[in-house]
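Visitor: Mind looking over this structure? Questions follow.
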Amino acid sequence: MRTIDDLKRVNDVCGIKNELTLCFRMQSEWGIMAGADPDYNNFFSVIMVESGTVCCSINYHKVHLQKGDLLVLSPKLLFGINEISTDFDAYYLAVDQSSFDGMLVQDTAFKHLIMFYTSTPIPVLHCTDKAQEVVIGFMDQLSHLMQCAVTNVYIDKMMLLVEQSLMLQLVNLLPQNFEEEIQLSHQEEIFRQFVDLLMQNYRRQHNSSFYSDRLHISNSYLARILKKLTGRTVKNFIFDLLQKDASDMLKYTDMTIQEISAELGFPEITAFSKFFKNSCGVAPIYYRQNNSAIS
């Protein structure tokens, strides 16, 4: 699962102390991510395209973005970047889920944003030049505040005010009748519910029957839906998430292999080692020796 810390490492902005929000410019260098497997973000995010084009995938549906397009992503969507033009330029905002939930408590207007990205299969807003200018202005302010050499309570408050103003601007951009216009098909709704279940349970529940039982459908019907919408199986989804978490834990933590095995729901360390070797081609201990970021 992709975290805000992952974004910091990829974009070489590890010096930013703020752990709940990250705002930075995406440019054509992000093309290095093209072709990587889609992953879940564990944060709310927004991409505002200023120039060029980018081809993304959202739950394995291709989405083409160009100048003026604003993509709103919830934490429970599979997101990947397939291709980026050489003149691509955009702003990327990532907000920790707990921080965004805190905004909901303060202002119910933000619930409209949640309704938009949960009820819209492709959550893209098309901005006028003026609206794009306003959104980029807020993002530019956030990016500047994050890079201030001095971090104190006043800087934090300024960031929060700018962040809330930006979110309210996004709410203002929502089409007034989007709730009536957009309808998920029965199978798309099941897929959305499957993703919700998956994100809450994949570390403990590795069997597909758990998910079909919770969705009150047969295992074969769930398999047909996933095959039709994504070309993948329940096991593909579960194992990809487990493999990504296992790799990150081996690389970025000092947890023992036995602790990682238990954290990811494997009954014994031999089962975890076999799974990891089949997924990554090497045993966990050798992966850690060659990839550990712990000094």
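Labels for the structure tokens follow display order: chains A, B, ..., residues from 1 in each chain, ligands from 1.
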Find the nearest atom pair between each residue of region 42-73 of chain A and region 87-95 of chain A for residues within 9 Å, count only C-alpha atoms, give distances in Å to one decimal, sort rows by chain and ascending number, and present the table as a Markdown table.
Guide:
```
| residue | atom | partner | partner_atom | distance |
| --- | --- | --- | --- | --- |
| A:Phe43 | CA | A:Val95 | CA | 5.6 |
| A:Phe44 | CA | A:Val95 | CA | 5.1 |
| A:Ser45 | CA | A:Ala94 | CA | 4.4 |
| A:Val46 | CA | A:Leu93 | CA | 5.1 |
| A:Ile47 | CA | A:Tyr92 | CA | 4.7 |
| A:Met48 | CA | A:Tyr91 | CA | 5.2 |
| A:Val49 | CA | A:Ala90 | CA | 4.3 |
| A:Glu50 | CA | A:Ala90 | CA | 5.0 |
| A:Ser51 | CA | A:Asp89 | CA | 5.1 |
| A:Gly52 | CA | A:Phe88 | CA | 4.0 |
| A:Thr53 | CA | A:Phe88 | CA | 5.8 |
| A:Val54 | CA | A:Phe88 | CA | 7.2 |
| A:Gln66 | CA | A:Phe88 | CA | 8.7 |
| A:Lys67 | CA | A:Ala90 | CA | 8.7 |
```
Visitor: Could you take the residues named above and write them with N, CA, C and O atoms, as a compact mmCIF listing (two decimals), in the first residue's frame?
Guide:
```txt
# COMPACT_ATOMS: atom_id res chain seq x y z
N PHE A 43 -4.17 7.30 1.60
CA PHE A 43 -4.47 8.70 1.85
C PHE A 43 -5.43 9.23 0.78
O PHE A 43 -5.57 8.64 -0.29
N PHE A 44 -6.08 10.31 1.09
CA PHE A 44 -6.91 11.04 0.13
C PHE A 44 -5.97 11.85 -0.75
O PHE A 44 -5.00 12.43 -0.26
N SER A 45 -6.22 11.93 -2.06
CA SER A 45 -5.30 12.66 -2.92
C SER A 45 -6.01 13.36 -4.07
O SER A 45 -7.12 12.99 -4.47
N VAL A 46 -5.35 14.39 -4.59
CA VAL A 46 -5.87 15.20 -5.69
C VAL A 46 -4.73 15.48 -6.67
O VAL A 46 -3.62 15.81 -6.25
N ILE A 47 -5.00 15.32 -7.95
CA ILE A 47 -4.04 15.67 -8.99
C ILE A 47 -4.66 16.73 -9.89
O ILE A 47 -5.74 16.52 -10.44
N MET A 48 -4.01 17.88 -10.01
CA MET A 48 -4.47 18.97 -10.86
C MET A 48 -3.51 19.13 -12.02
O MET A 48 -2.35 19.50 -11.84
N VAL A 49 -3.94 18.80 -13.25
CA VAL A 49 -3.06 18.83 -14.42
C VAL A 49 -2.99 20.26 -14.98
O VAL A 49 -4.00 20.86 -15.32
N GLU A 50 -1.76 20.78 -15.05
CA GLU A 50 -1.55 22.14 -15.54
C GLU A 50 -1.18 22.16 -17.02
O GLU A 50 -1.53 23.08 -17.76
N SER A 51 -0.46 21.12 -17.47
CA SER A 51 -0.11 21.02 -18.89
C SER A 51 0.24 19.57 -19.22
O SER A 51 0.52 18.76 -18.33
N GLY A 52 0.24 19.25 -20.51
CA GLY A 52 0.58 17.90 -20.94
C GLY A 52 -0.55 16.91 -20.68
O GLY A 52 -1.69 17.28 -20.37
N THR A 53 -0.22 15.64 -20.78
CA THR A 53 -1.21 14.58 -20.59
C THR A 53 -0.63 13.44 -19.76
O THR A 53 0.59 13.26 -19.70
N VAL A 54 -1.51 12.67 -19.12
CA VAL A 54 -1.11 11.49 -18.37
C VAL A 54 -2.20 10.44 -18.53
O VAL A 54 -3.39 10.76 -18.51
N GLN A 66 -5.81 15.63 -19.08
CA GLN A 66 -5.11 16.70 -19.80
C GLN A 66 -5.27 18.01 -19.04
O GLN A 66 -5.87 18.04 -17.96
N LYS A 67 -4.77 19.09 -19.61
CA LYS A 67 -4.81 20.41 -18.97
C LYS A 67 -6.23 20.72 -18.47
O LYS A 67 -7.20 20.59 -19.20
```
Visitor: Please provide the set of residues having any atom within 7 Å of region 127-137 of chain A, restricted to only C-alpha atoms, with same-chain residues fewer than 3 positions apart removed, written as a PDB file with N, CA and C atoms, in the first residue's frame.
Guide:
```
ATOM      1  N   GLY A  68      -6.316  21.130 -17.198  1.00  0.00           N
ATOM      2  CA  GLY A  68      -7.593  21.508 -16.624  1.00  0.00           C
ATOM      3  C   GLY A  68      -8.330  20.377 -15.944  1.00  0.00           C
ATOM      4  N   ASP A  69      -7.833  19.133 -16.069  1.00  0.00           N
ATOM      5  CA  ASP A  69      -8.490  17.999 -15.416  1.00  0.00           C
ATOM      6  C   ASP A  69      -8.006  17.870 -13.971  1.00  0.00           C
ATOM      7  N   ASP A 140       0.082  25.789  -4.609  1.00  0.00           N
ATOM      8  CA  ASP A 140       1.383  26.462  -4.599  1.00  0.00           C
ATOM      9  C   ASP A 140       1.690  27.011  -3.198  1.00  0.00           C
ATOM     10  N   GLN A 141       0.672  27.578  -2.557  1.00  0.00           N
ATOM     11  CA  GLN A 141       0.853  28.083  -1.192  1.00  0.00           C
ATOM     12  C   GLN A 141       1.200  26.947  -0.234  1.00  0.00           C
ATOM     13  N   LEU A 166      -8.672  25.033   0.077  1.00  0.00           N
ATOM     14  CA  LEU A 166      -8.554  24.256  -1.155  1.00  0.00           C
ATOM     15  C   LEU A 166      -9.672  23.213  -1.242  1.00  0.00           C
TER      16      LEU A 166
END
```
Visitor: Write out as a ChimeraX atom specification each polymer residue whose atoms come within 10 Å of Gly265 (chain A), counting only C-alpha atoms; drop sequence neighbours fewer than 6 positions from it.
Guide: /A:201-206,242,272
Visitor: Tell me, as a list in words, which residues lie within 8 Å of Cys55 (chain A), counting only C-alpha atoms; anything in the same chain fewer than 6 positions away does not count.
Guide: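 With the cut-off at 8 Å, the set is Lys62, Val63, His64, Leu65, Ile81, Asn82, Glu83 and Ile84 of chain A.
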Visitor: For those residues, write N, CA, C and O atoms to a file as a CSV table (one decimal), in the first residue's frame.
Guide:
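As a result, out.csv now contains:
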```csv
chain,number,residue,atom,x,y,z
A,62,LYS,N,-8.8,2.6,-17.7
A,62,LYS,CA,-7.9,3.7,-18.1
A,62,LYS,C,-8.6,5.0,-18.1
A,62,LYS,O,-9.7,5.2,-18.5
A,63,VAL,N,-7.8,6.0,-17.6
A,63,VAL,CA,-8.3,7.4,-17.6
A,63,VAL,C,-7.2,8.3,-18.2
A,63,VAL,O,-6.1,8.2,-17.8
A,64,HIS,N,-7.6,9.1,-19.1
A,64,HIS,CA,-6.7,10.1,-19.8
A,64,HIS,C,-7.0,11.5,-19.2
A,64,HIS,O,-8.1,12.0,-19.3
A,65,LEU,N,-5.9,12.1,-18.7
A,65,LEU,CA,-6.1,13.4,-18.1
A,65,LEU,C,-5.3,14.4,-19.0
A,65,LEU,O,-4.2,14.1,-19.4
A,81,ILE,N,0.0,4.8,-12.8
A,81,ILE,CA,0.3,5.7,-13.9
A,81,ILE,C,0.9,4.8,-15.0
A,81,ILE,O,1.9,4.1,-14.9
A,82,ASN,N,0.3,4.9,-16.2
A,82,ASN,CA,0.7,4.1,-17.4
A,82,ASN,C,1.6,4.9,-18.3
A,82,ASN,O,2.6,4.3,-18.8
A,83,GLU,N,1.4,6.2,-18.5
A,83,GLU,CA,2.1,6.9,-19.5
A,83,GLU,C,2.0,8.4,-19.2
A,83,GLU,O,1.0,8.9,-18.9
A,84,ILE,N,3.1,9.1,-19.4
A,84,ILE,CA,3.2,10.6,-19.1
A,84,ILE,C,3.9,11.3,-20.3
A,84,ILE,O,4.9,10.8,-20.8
```
Visitor: Do a neighbour search on Ile190 (chain A) at 9 Å with only C-alpha atoms, toss out local chain neighbours closer than 5 positions, and write the hits as a list in words.
Guide: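 Here the qualifying residues turn out to be Ser185, Val195, Leu215, Leu222 and Ile225 of chain A.
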Visitor: For CA of His112 (chain A) and CA of Leu173 (chain A), determine how far apart the two atoms are, in Å to one decimal place.
Guide: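 That distance, rounded to one decimal, is 10.7 Å.
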Visitor: Excluding same-chain residues fewer than 5 positions from Asn236 (chain A), what lies within 12 Å of it counting only C-alpha atoms, as a compact mmCIF listing (two decimals) with N, CA, C and O atoms, in the first residue's frame?
Guide:
```txt
# COMPACT_ATOMS: atom_id res chain seq x y z
N ASP A 37 2.83 -1.70 -11.28
CA ASP A 37 1.53 -2.23 -10.93
C ASP A 37 0.72 -1.21 -10.14
O ASP A 37 1.28 -0.52 -9.27
N LEU A 198 -11.62 -5.82 1.36
CA LEU A 198 -10.23 -6.22 1.14
C LEU A 198 -9.27 -5.36 1.97
O LEU A 198 -8.38 -5.89 2.65
N TYR A 202 -7.36 -7.94 4.39
CA TYR A 202 -6.46 -8.79 3.61
C TYR A 202 -5.29 -9.36 4.41
O TYR A 202 -4.76 -10.42 4.07
N HIS A 206 -7.07 -14.59 3.91
CA HIS A 206 -6.43 -14.86 2.62
C HIS A 206 -7.29 -15.72 1.70
O HIS A 206 -6.88 -16.00 0.57
N ASN A 207 -8.45 -16.18 2.17
CA ASN A 207 -9.29 -17.05 1.37
C ASN A 207 -10.41 -16.27 0.70
O ASN A 207 -11.08 -15.44 1.33
N SER A 208 -10.64 -16.56 -0.57
CA SER A 208 -11.65 -15.82 -1.33
C SER A 208 -13.05 -16.03 -0.78
O SER A 208 -13.92 -15.15 -0.89
N ALA A 223 -15.79 -14.18 -8.52
CA ALA A 223 -14.68 -14.40 -9.45
C ALA A 223 -15.03 -13.87 -10.84
O ALA A 223 -14.18 -13.24 -11.50
N LEU A 226 -14.85 -9.94 -10.85
CA LEU A 226 -13.47 -9.44 -10.85
C LEU A 226 -12.80 -9.69 -12.20
O LEU A 226 -12.06 -8.84 -12.70
N LYS A 227 -13.06 -10.85 -12.77
CA LYS A 227 -12.47 -11.17 -14.08
C LYS A 227 -12.97 -10.20 -15.14
O LYS A 227 -12.19 -9.70 -15.96
N THR A 230 -11.67 -6.37 -14.01
CA THR A 230 -10.23 -6.13 -13.83
C THR A 230 -9.34 -7.15 -14.51
O THR A 230 -8.13 -6.92 -14.63
N GLY A 231 -9.90 -8.32 -14.87
CA GLY A 231 -9.06 -9.37 -15.43
C GLY A 231 -8.24 -10.11 -14.38
O GLY A 231 -7.33 -10.86 -14.71
N LEU A 241 -1.19 -7.30 -2.44
CA LEU A 241 -1.13 -6.45 -1.25
C LEU A 241 -0.17 -7.03 -0.21
O LEU A 241 0.63 -6.30 0.38
N LEU A 242 -0.23 -8.34 -0.01
CA LEU A 242 0.66 -8.98 0.96
C LEU A 242 2.11 -8.87 0.53
O LEU A 242 3.00 -8.61 1.34
N GLN A 243 2.36 -9.07 -0.77
CA GLN A 243 3.73 -8.99 -1.28
C GLN A 243 4.29 -7.57 -1.12
O GLN A 243 5.45 -7.38 -0.71
N SER A 279 6.62 -15.10 -4.89
CA SER A 279 6.21 -13.78 -5.38
C SER A 279 7.39 -12.96 -5.89
O SER A 279 7.30 -12.29 -6.92
```
